[in-house]
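S.K.: Next comes query19.cif, mmCIF, C-alpha atoms:
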```cif
data_upload
loop_
_atom_site.group_PDB
_atom_site.id
_atom_site.type_symbol
_atom_site.label_atom_id
_atom_site.label_comp_id
_atom_site.auth_asym_id
_atom_site.auth_seq_id
_atom_site.Cartn_x
_atom_site.Cartn_y
_atom_site.Cartn_z
ATOM 1 C CA MET A 123 -19.237 -13.810 -28.459
ATOM 2 C CA SER A 124 -15.687 -15.078 -28.981
ATOM 3 C CA SER A 125 -14.517 -18.236 -27.289
ATOM 4 C CA THR A 126 -11.786 -16.289 -25.468
ATOM 5 C CA SER A 127 -14.231 -13.861 -23.889
ATOM 6 C CA ARG A 128 -16.544 -16.538 -22.475
ATOM 7 C CA PRO A 129 -14.176 -17.672 -19.685
ATOM 8 C CA PHE A 130 -13.512 -14.053 -18.728
ATOM 9 C CA ARG A 131 -17.220 -13.232 -18.565
ATOM 10 C CA ALA A 132 -17.899 -16.387 -16.570
ATOM 11 C CA GLU A 133 -15.122 -15.560 -14.099
ATOM 12 C CA LEU A 134 -16.308 -11.963 -13.799
ATOM 13 C CA SER A 135 -19.836 -13.192 -13.147
ATOM 14 C CA ARG A 136 -18.593 -15.625 -10.481
ATOM 15 C CA ARG A 137 -16.591 -12.975 -8.688
ATOM 16 C CA SER A 138 -19.406 -10.418 -8.936
ATOM 17 C CA ALA A 139 -21.748 -12.967 -7.373
ATOM 18 C CA ALA A 140 -19.213 -13.478 -4.573
ATOM 19 C CA VAL A 141 -19.187 -9.720 -3.923
ATOM 20 C CA GLY A 142 -22.977 -9.762 -3.694
ATOM 21 C CA ARG A 143 -22.843 -12.704 -1.301
ATOM 22 C CA CYS A 144 -20.338 -10.857 0.885
ATOM 23 C CA HIS A 145 -22.753 -7.930 1.043
ATOM 24 C CA LEU A 146 -25.676 -10.232 1.860
ATOM 25 C CA ALA A 147 -23.649 -11.983 4.571
ATOM 26 C CA GLY A 148 -22.937 -8.611 6.156
ATOM 27 C CA LEU A 149 -26.622 -7.682 6.186
ATOM 28 C CA LEU A 150 -27.589 -11.062 7.621
ATOM 29 C CA GLY A 151 -25.018 -10.514 10.366
ATOM 30 C CA LEU A 152 -27.103 -7.585 11.589
ATOM 31 C CA ARG A 153 -30.144 -9.859 11.815
ATOM 32 C CA VAL A 154 -28.117 -12.421 13.743
ATOM 33 C CA ALA A 155 -27.022 -9.693 16.164
ATOM 34 C CA ALA A 156 -30.648 -8.713 16.777
ATOM 35 C CA VAL A 157 -31.679 -12.308 17.465
ATOM 36 C CA GLY A 158 -28.664 -12.797 19.736
ATOM 37 C CA ALA A 159 -29.550 -9.648 21.662
ATOM 38 C CA GLY A 160 -33.068 -10.990 22.168
ATOM 39 C CA VAL A 161 -31.683 -14.249 23.538
ATOM 40 C CA VAL A 162 -29.418 -12.371 25.942
ATOM 41 C CA GLY A 163 -32.445 -10.365 27.043
ATOM 42 C CA ALA A 164 -34.270 -13.604 27.786
ATOM 43 C CA LEU A 165 -31.280 -14.828 29.811
ATOM 44 C CA LEU A 166 -31.279 -11.634 31.850
ATOM 45 C CA LEU A 167 -34.984 -12.076 32.568
ATOM 46 C CA LEU A 168 -34.589 -15.622 33.884
ATOM 47 C CA PRO A 169 -34.406 -14.517 37.550
ATOM 48 C CA VAL A 170 -37.846 -12.872 37.327
ATOM 49 C CA GLY A 171 -39.412 -15.836 35.534
ATOM 50 C CA VAL A 172 -40.231 -14.126 32.220
ATOM 51 C CA GLY A 173 -37.106 -15.517 30.630
ATOM 52 C CA LEU A 174 -38.293 -19.071 31.258
ATOM 53 C CA ARG A 175 -40.906 -18.565 28.559
ATOM 54 C CA LEU A 176 -38.835 -16.349 26.261
ATOM 55 C CA LEU A 177 -35.643 -18.406 26.150
ATOM 56 C CA PRO A 178 -36.842 -21.560 24.301
ATOM 57 C CA PRO A 179 -38.365 -19.694 21.309
ATOM 58 C CA GLY A 180 -35.427 -17.285 21.271
ATOM 59 C CA ALA A 181 -32.962 -20.181 21.222
ATOM 60 C CA ALA A 182 -34.960 -21.835 18.433
ATOM 61 C CA ALA A 183 -34.843 -18.636 16.355
ATOM 62 C CA LEU A 184 -31.100 -18.409 16.932
ATOM 63 C CA ARG A 185 -30.641 -22.040 15.885
ATOM 64 C CA ARG A 186 -32.517 -21.345 12.642
ATOM 65 C CA CYS A 187 -30.137 -18.449 11.923
ATOM 66 C CA ALA A 188 -27.149 -20.686 12.662
ATOM 67 C CA ASP A 189 -28.483 -23.505 10.478
ATOM 68 C CA ARG A 190 -28.933 -21.087 7.572
ATOM 69 C CA ALA A 191 -25.365 -19.898 8.062
ATOM 70 C CA ARG A 192 -24.161 -23.504 7.964
ATOM 71 C CA HIS A 193 -26.094 -24.067 4.751
ATOM 72 C CA ARG A 194 -24.687 -20.896 3.134
ATOM 73 C CA ALA A 195 -21.129 -21.853 4.086
ATOM 74 C CA GLU A 196 -21.463 -25.164 2.266
ATOM 75 C CA GLN A 197 -23.412 -23.798 -0.686
ATOM 76 C CA TRP A 198 -21.245 -20.728 -1.286
ATOM 77 C CA SER A 199 -17.776 -21.959 -0.286
ATOM 78 C CA GLY A 200 -17.910 -25.742 0.017
ATOM 79 C CA VAL A 201 -17.165 -25.541 3.755
ATOM 80 C CA ARG A 202 -19.203 -28.117 5.652
ATOM 81 C CA ILE A 203 -20.155 -27.236 9.225
ATOM 82 C CA THR A 204 -21.432 -30.101 11.332
ATOM 83 C CA THR A 205 -24.811 -29.606 12.971
ATOM 84 C CA PRO A 206 -25.236 -30.022 16.740
ATOM 85 C CA ASP A 207 -27.953 -32.093 18.295
ATOM 86 C CA PRO A 208 -31.419 -30.536 18.085
ATOM 87 C CA LEU A 209 -32.404 -28.263 20.938
ATOM 88 C CA PRO A 210 -34.396 -30.095 23.632
ATOM 89 C CA ARG A 211 -38.107 -29.451 23.254
ATOM 90 C CA THR A 212 -39.470 -30.852 26.493
ATOM 91 C CA ALA A 213 -37.029 -29.573 29.119
ATOM 92 C CA GLY A 214 -37.826 -25.878 28.578
ATOM 93 C CA ALA A 215 -35.298 -23.216 29.515
ATOM 94 C CA ARG A 216 -33.275 -25.633 31.636
ATOM 95 C CA GLY A 217 -32.761 -27.925 28.680
ATOM 96 C CA VAL A 218 -31.643 -24.981 26.546
ATOM 97 C CA LEU A 219 -29.159 -23.829 29.189
ATOM 98 C CA ALA A 220 -27.682 -27.333 29.398
ATOM 99 C CA ASP A 221 -27.228 -27.586 25.622
ATOM 100 C CA ALA A 222 -23.643 -27.004 24.429
ATOM 101 C CA GLY A 223 -24.821 -26.175 20.913
ATOM 102 C CA PHE A 224 -26.937 -23.309 22.226
ATOM 103 C CA TRP A 225 -23.915 -21.632 23.787
ATOM 104 C CA ARG A 226 -21.960 -22.050 20.565
ATOM 105 C CA ASP A 227 -24.824 -20.439 18.644
ATOM 106 C CA LEU A 228 -24.914 -17.553 21.100
ATOM 107 C CA SER A 229 -21.158 -16.991 20.941
ATOM 108 C CA TRP A 230 -21.382 -16.912 17.161
ATOM 109 C CA ALA A 231 -24.301 -14.468 17.259
ATOM 110 C CA TRP A 232 -22.249 -11.966 19.249
ATOM 111 C CA LEU A 233 -18.963 -12.350 17.376
ATOM 112 C CA GLU A 234 -20.272 -12.718 13.819
ATOM 113 C CA PRO A 235 -21.338 -9.053 13.318
ATOM 114 C CA LEU A 236 -17.989 -7.829 14.633
ATOM 115 C CA VAL A 237 -15.444 -10.233 13.147
ATOM 116 C CA GLY A 238 -17.350 -11.872 10.315
ATOM 117 C CA GLY A 239 -19.173 -8.670 9.396
ATOM 118 C CA LEU A 240 -15.972 -6.656 9.076
ATOM 119 C CA LEU A 241 -14.410 -9.440 7.040
ATOM 120 C CA VAL A 242 -17.167 -9.698 4.429
ATOM 121 C CA ALA A 243 -17.503 -5.901 4.248
ATOM 122 C CA LEU A 244 -14.067 -5.561 2.612
ATOM 123 C CA PRO A 245 -14.766 -6.756 -0.982
ATOM 124 C CA PRO A 246 -18.036 -4.785 -1.459
ATOM 125 C CA SER A 247 -16.427 -1.672 0.025
ATOM 126 C CA LEU A 248 -13.507 -1.904 -2.389
ATOM 127 C CA VAL A 249 -15.826 -2.407 -5.362
ATOM 128 C CA VAL A 250 -18.137 0.479 -4.452
ATOM 129 C CA TYR A 251 -15.255 2.846 -3.744
ATOM 130 C CA GLY A 252 -13.551 1.743 -6.938
ATOM 131 C CA LEU A 253 -16.659 2.358 -9.032
ATOM 132 C CA PHE A 254 -16.940 5.803 -7.467
ATOM 133 C CA GLY A 255 -13.476 6.592 -8.809
ATOM 134 C CA VAL A 256 -14.257 5.168 -12.248
ATOM 135 C CA LEU A 257 -17.821 6.372 -12.805
ATOM 136 C CA VAL A 258 -18.137 9.523 -10.705
ATOM 137 C CA GLN A 259 -14.784 11.292 -10.445
ATOM 138 C CA PRO A 260 -14.403 11.866 -14.208
ATOM 139 C CA PHE A 261 -17.643 13.856 -14.220
ATOM 140 C CA VAL A 262 -17.543 15.751 -10.930
ATOM 141 C CA TRP A 263 -13.923 16.752 -10.434
ATOM 142 C CA ARG A 264 -14.356 20.041 -12.354
ATOM 143 C CA LEU A 265 -17.333 20.922 -10.164
ATOM 144 C CA LEU A 266 -15.412 20.489 -6.927
ATOM 145 C CA ASP A 267 -12.726 22.647 -5.382
ATOM 146 C CA ASP A 268 -9.113 21.776 -4.674
ATOM 147 C CA GLY A 269 -10.187 19.786 -1.625
ATOM 148 C CA ASN A 270 -11.413 16.918 -3.845
ATOM 149 C CA TRP A 271 -9.365 13.821 -3.088
ATOM 150 C CA TYR A 272 -9.789 10.242 -4.202
ATOM 151 C CA ALA A 273 -7.890 8.010 -1.774
ATOM 152 C CA PHE A 274 -4.434 9.632 -1.784
ATOM 153 C CA VAL A 275 -4.867 11.440 -5.150
ATOM 154 C CA PRO A 276 -5.784 15.168 -5.128
ATOM 155 C CA VAL A 277 -8.104 15.347 -8.148
ATOM 156 C CA HIS A 278 -7.793 18.849 -9.593
ATOM 157 C CA SER A 279 -6.495 18.256 -13.118
ATOM 158 C CA THR A 280 -7.180 15.992 -16.059
ATOM 159 C CA ALA A 281 -4.040 13.958 -15.424
ATOM 160 C CA LEU A 282 -4.935 13.419 -11.768
ATOM 161 C CA MET A 283 -8.505 12.546 -12.731
ATOM 162 C CA LEU A 284 -7.122 9.846 -15.021
ATOM 163 C CA ALA A 285 -4.891 8.648 -12.181
ATOM 164 C CA ALA A 286 -7.956 8.457 -9.906
ATOM 165 C CA THR A 287 -9.806 6.490 -12.590
ATOM 166 C CA VAL A 288 -6.966 3.970 -12.865
ATOM 167 C CA LEU A 289 -6.820 3.736 -9.071
ATOM 168 C CA GLY A 290 -10.576 3.141 -9.020
ATOM 169 C CA LEU A 291 -10.166 0.297 -11.499
ATOM 170 C CA GLY A 292 -7.537 -1.156 -9.171
ATOM 171 C CA PHE A 293 -9.845 -0.953 -6.150
ATOM 172 C CA THR A 294 -12.660 -2.578 -8.125
ATOM 173 C CA ALA A 295 -10.407 -5.384 -9.354
ATOM 174 C CA ALA A 296 -9.090 -5.947 -5.827
ATOM 175 C CA GLY A 297 -12.628 -6.286 -4.477
ATOM 176 C CA LEU A 298 -13.551 -8.788 -7.195
ATOM 177 C CA LEU A 299 -10.387 -10.803 -6.643
ATOM 178 C CA LEU A 300 -10.768 -10.891 -2.864
ATOM 179 C CA ALA A 301 -14.457 -11.800 -2.714
ATOM 180 C CA PRO A 302 -14.231 -15.616 -3.199
ATOM 181 C CA PRO A 303 -11.323 -16.166 -0.757
ATOM 182 C CA VAL A 304 -12.952 -13.835 1.769
ATOM 183 C CA LEU A 305 -16.160 -15.869 1.546
ATOM 184 C CA ARG A 306 -14.185 -19.058 2.201
ATOM 185 C CA LEU A 307 -12.385 -17.447 5.114
ATOM 186 C CA HIS A 308 -15.716 -16.271 6.499
ATOM 187 C CA ALA A 309 -17.102 -19.800 6.203
ATOM 188 C CA ARG A 310 -14.097 -21.261 8.024
ATOM 189 C CA TRP A 311 -14.487 -18.619 10.722
ATOM 190 C CA GLY A 312 -18.128 -19.670 11.117
ATOM 191 C CA ARG A 313 -17.093 -23.318 11.322
ATOM 192 C CA ARG A 314 -14.822 -22.587 14.282
ATOM 193 C CA LEU A 315 -17.808 -21.248 16.227
ATOM 194 C CA LEU A 316 -20.749 -23.218 14.851
ATOM 195 C CA ALA A 317 -19.394 -26.733 14.410
ATOM 196 C CA ALA A 318 -20.981 -29.315 16.651
ATOM 197 C CA PRO A 319 -19.068 -30.150 19.837
ATOM 198 C CA ARG A 320 -16.520 -32.930 19.409
ATOM 199 C CA VAL A 321 -18.559 -35.243 21.610
ATOM 200 C CA THR A 322 -21.546 -34.859 19.285
ATOM 201 C CA GLU A 323 -19.424 -35.625 16.231
ATOM 202 C CA LEU A 324 -18.034 -38.771 17.847
#
```
Here is a file; write its structure as structure tokens.
M.R.:
Amino acid sequence: MSSTSRPFRAELSRRSAAVGRCHLAGLLGLRVAAVGAGVVGALLLLPVGVGLRLLPPGAAALRRCADRARHRAEQWSGVRITTPDPLPRTAGARGVLADAGFWRDLSWAWLEPLVGGLLVALPPSLVVYGLFGVLVQPFVWRLLDDGNWYAFVPVHSTALMLAATVLGLGFTAAGLLLAPPVLRLHARWGRRLLAAPRVTEL
């Protein structure tokens, strides 16, 4: 391996890993949404008493999800998110409801799949769509009718197939280039919601 190719391979590996992390963050957002929905269910059941027992373990599960997100933000992007005070263990549901960190966790759980999930979905989507243009279109365009389009290119000739291949390379490169800054932006977005209240930091 030449000395000039090593930095390129290392950078490609770093950006490919960032694309994979974006994909993983999107999948984990679905888990966070499920946990958040369970916590909201416990809140709705408070008037009938069942929620009094369900809320503390639900809040604890949500806090574990939030703590893992804080850890990933620092590990993947170098963005440190301060941790709130631990959830009260002796005051039950009332202690959870009075905890400012719990409400921050819950807000994050509902917004993360929508805002954060859409954000981290961009680089993997570009890479997958780009690879479809590079690896699939050259072999299937003859088998398809004139309705075969790749993005804005109608692929029904060799020249247009080559244009689609070049466009696919562009999409793939864009996804690789965007992945690290998107991860950092996602981490900063998480910090806005998950950082400990100012009073706790002081």
S.K.: With all atoms listed in the file as the atoms that count, which of A:Gly180, A:Pro245, A:Gly292, A:Pro260 lies nearest to A:Gly214?
M.R.: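 Closest to A:Gly214 of all the choices is A:Gly180.
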S.K.: Using only C-alpha atoms and a cutoff of 8 Å, can you tell me which residues are near (-22.4, -7.3, 6.6) in the file's coordinates, and write them out as a VMD selection string?
M.R.: chain A and resid 144 to 152 235 238 to 240 242 to 243
S.K.: So how far away is atom CA of A:Phe293 from atom CA of A:Val249, in Å?
M.R.: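 That distance, rounded to one decimal, is 6.2 Å.
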S.K.: Pull out every residue that the PyMOL selection byres ((chain A and resi 189-196) around 9) matches in the shown coordinates and put them as a list in words.
M.R.: Ala147, Leu184, Arg185, Arg186, Cys187, Ala188, Gln197, Trp198, Ser199, Gly200, Val201, Arg202, Ile203, Thr204, Thr205, Leu305, Arg306, His308, Ala309, Arg310, Gly312, Arg313, Leu316 and Ala317 of chain A
S.K.: Quick one: pull the distance between atom CA of A:Ser138 and atom CA of A:Leu298, Å, one decimal.
M.R.: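 That distance, rounded to one decimal, is 6.3 Å.
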S.K.: Kindly resolve the PyMOL selection byres ((chain A and resi 250) around 12) on the present coordinates and return the residues as a ChimeraX atom specification.
M.R.: /A:138,141-142,145,243-249,251-258,290-298
S.K.: Limited to C-alpha atoms, could you put the picked residues into a file as a PDB file, in the frame of the given file?
M.R.:
```pdb
ATOM      1  CA  SER A 138     -19.406 -10.418  -8.936  1.00  0.00           C
ATOM      2  CA  VAL A 141     -19.187  -9.720  -3.923  1.00  0.00           C
ATOM      3  CA  GLY A 142     -22.977  -9.762  -3.694  1.00  0.00           C
ATOM      4  CA  HIS A 145     -22.753  -7.930   1.043  1.00  0.00           C
ATOM      5  CA  ALA A 243     -17.503  -5.901   4.248  1.00  0.00           C
ATOM      6  CA  LEU A 244     -14.067  -5.561   2.612  1.00  0.00           C
ATOM      7  CA  PRO A 245     -14.766  -6.756  -0.982  1.00  0.00           C
ATOM      8  CA  PRO A 246     -18.036  -4.785  -1.459  1.00  0.00           C
ATOM      9  CA  SER A 247     -16.427  -1.672   0.025  1.00  0.00           C
ATOM     10  CA  LEU A 248     -13.507  -1.904  -2.389  1.00  0.00           C
ATOM     11  CA  VAL A 249     -15.826  -2.407  -5.362  1.00  0.00           C
ATOM     12  CA  TYR A 251     -15.255   2.846  -3.744  1.00  0.00           C
ATOM     13  CA  GLY A 252     -13.551   1.743  -6.938  1.00  0.00           C
ATOM     14  CA  LEU A 253     -16.659   2.358  -9.032  1.00  0.00           C
ATOM     15  CA  PHE A 254     -16.940   5.803  -7.467  1.00  0.00           C
ATOM     16  CA  GLY A 255     -13.476   6.592  -8.809  1.00  0.00           C
ATOM     17  CA  VAL A 256     -14.257   5.168 -12.248  1.00  0.00           C
ATOM     18  CA  LEU A 257     -17.821   6.372 -12.805  1.00  0.00           C
ATOM     19  CA  VAL A 258     -18.137   9.523 -10.705  1.00  0.00           C
ATOM     20  CA  GLY A 290     -10.576   3.141  -9.020  1.00  0.00           C
ATOM     21  CA  LEU A 291     -10.166   0.297 -11.499  1.00  0.00           C
ATOM     22  CA  GLY A 292      -7.537  -1.156  -9.171  1.00  0.00           C
ATOM     23  CA  PHE A 293      -9.845  -0.953  -6.150  1.00  0.00           C
ATOM     24  CA  THR A 294     -12.660  -2.578  -8.125  1.00  0.00           C
ATOM     25  CA  ALA A 295     -10.407  -5.384  -9.354  1.00  0.00           C
ATOM     26  CA  ALA A 296      -9.090  -5.947  -5.827  1.00  0.00           C
ATOM     27  CA  GLY A 297     -12.628  -6.286  -4.477  1.00  0.00           C
ATOM     28  CA  LEU A 298     -13.551  -8.788  -7.195  1.00  0.00           C
TER      29      LEU A 298
END
```
S.K.: By how many Å are atom CA of A:Leu219 and atom CA of A:Val157 apart?
M.R.: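 Here the two named atoms are 16.6 Å from each other.
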S.K.: Given the file above and the PyMOL selection byres ((chain A and resi 231) around 6), which residues are selected, and can you give them as JSON, numbers by chain?
M.R.: {"A": [154, 155, 158, 228, 229, 230, 232, 233, 234]}
S.K.: Counting all atoms listed in the file, what is within 8 Å of stretch 176-178 of chain A, bar same-chain residues fewer than 4 positions away, as a ChimeraX atom specification?
M.R.: /A:161,164-165,172,182,214-215,218
S.K.: Using only C-alpha atoms for the distances, tell me which of A:Tyr272, A:Trp225, A:Phe130, A:Phe261 is nearest to A:Leu315.
M.R.: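 With only C-alpha atoms as the atom set, the closest residue is A:Trp225.
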S.K.: Closest to A:Ala183 among A:Leu167, A:Ala318, A:Leu209, A:Ala286, using only C-alpha atoms?
M.R.: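 Once distances to A:Ala183 are computed over only C-alpha atoms, the minimum belongs to A:Leu209.
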S.K.: Could you check the closest approach to A:Leu307 for each of A:Ala213, A:Val237, A:Val162, A:Leu168 and tell me which residue wins, using all atoms listed in the file?
M.R.: A:Val237
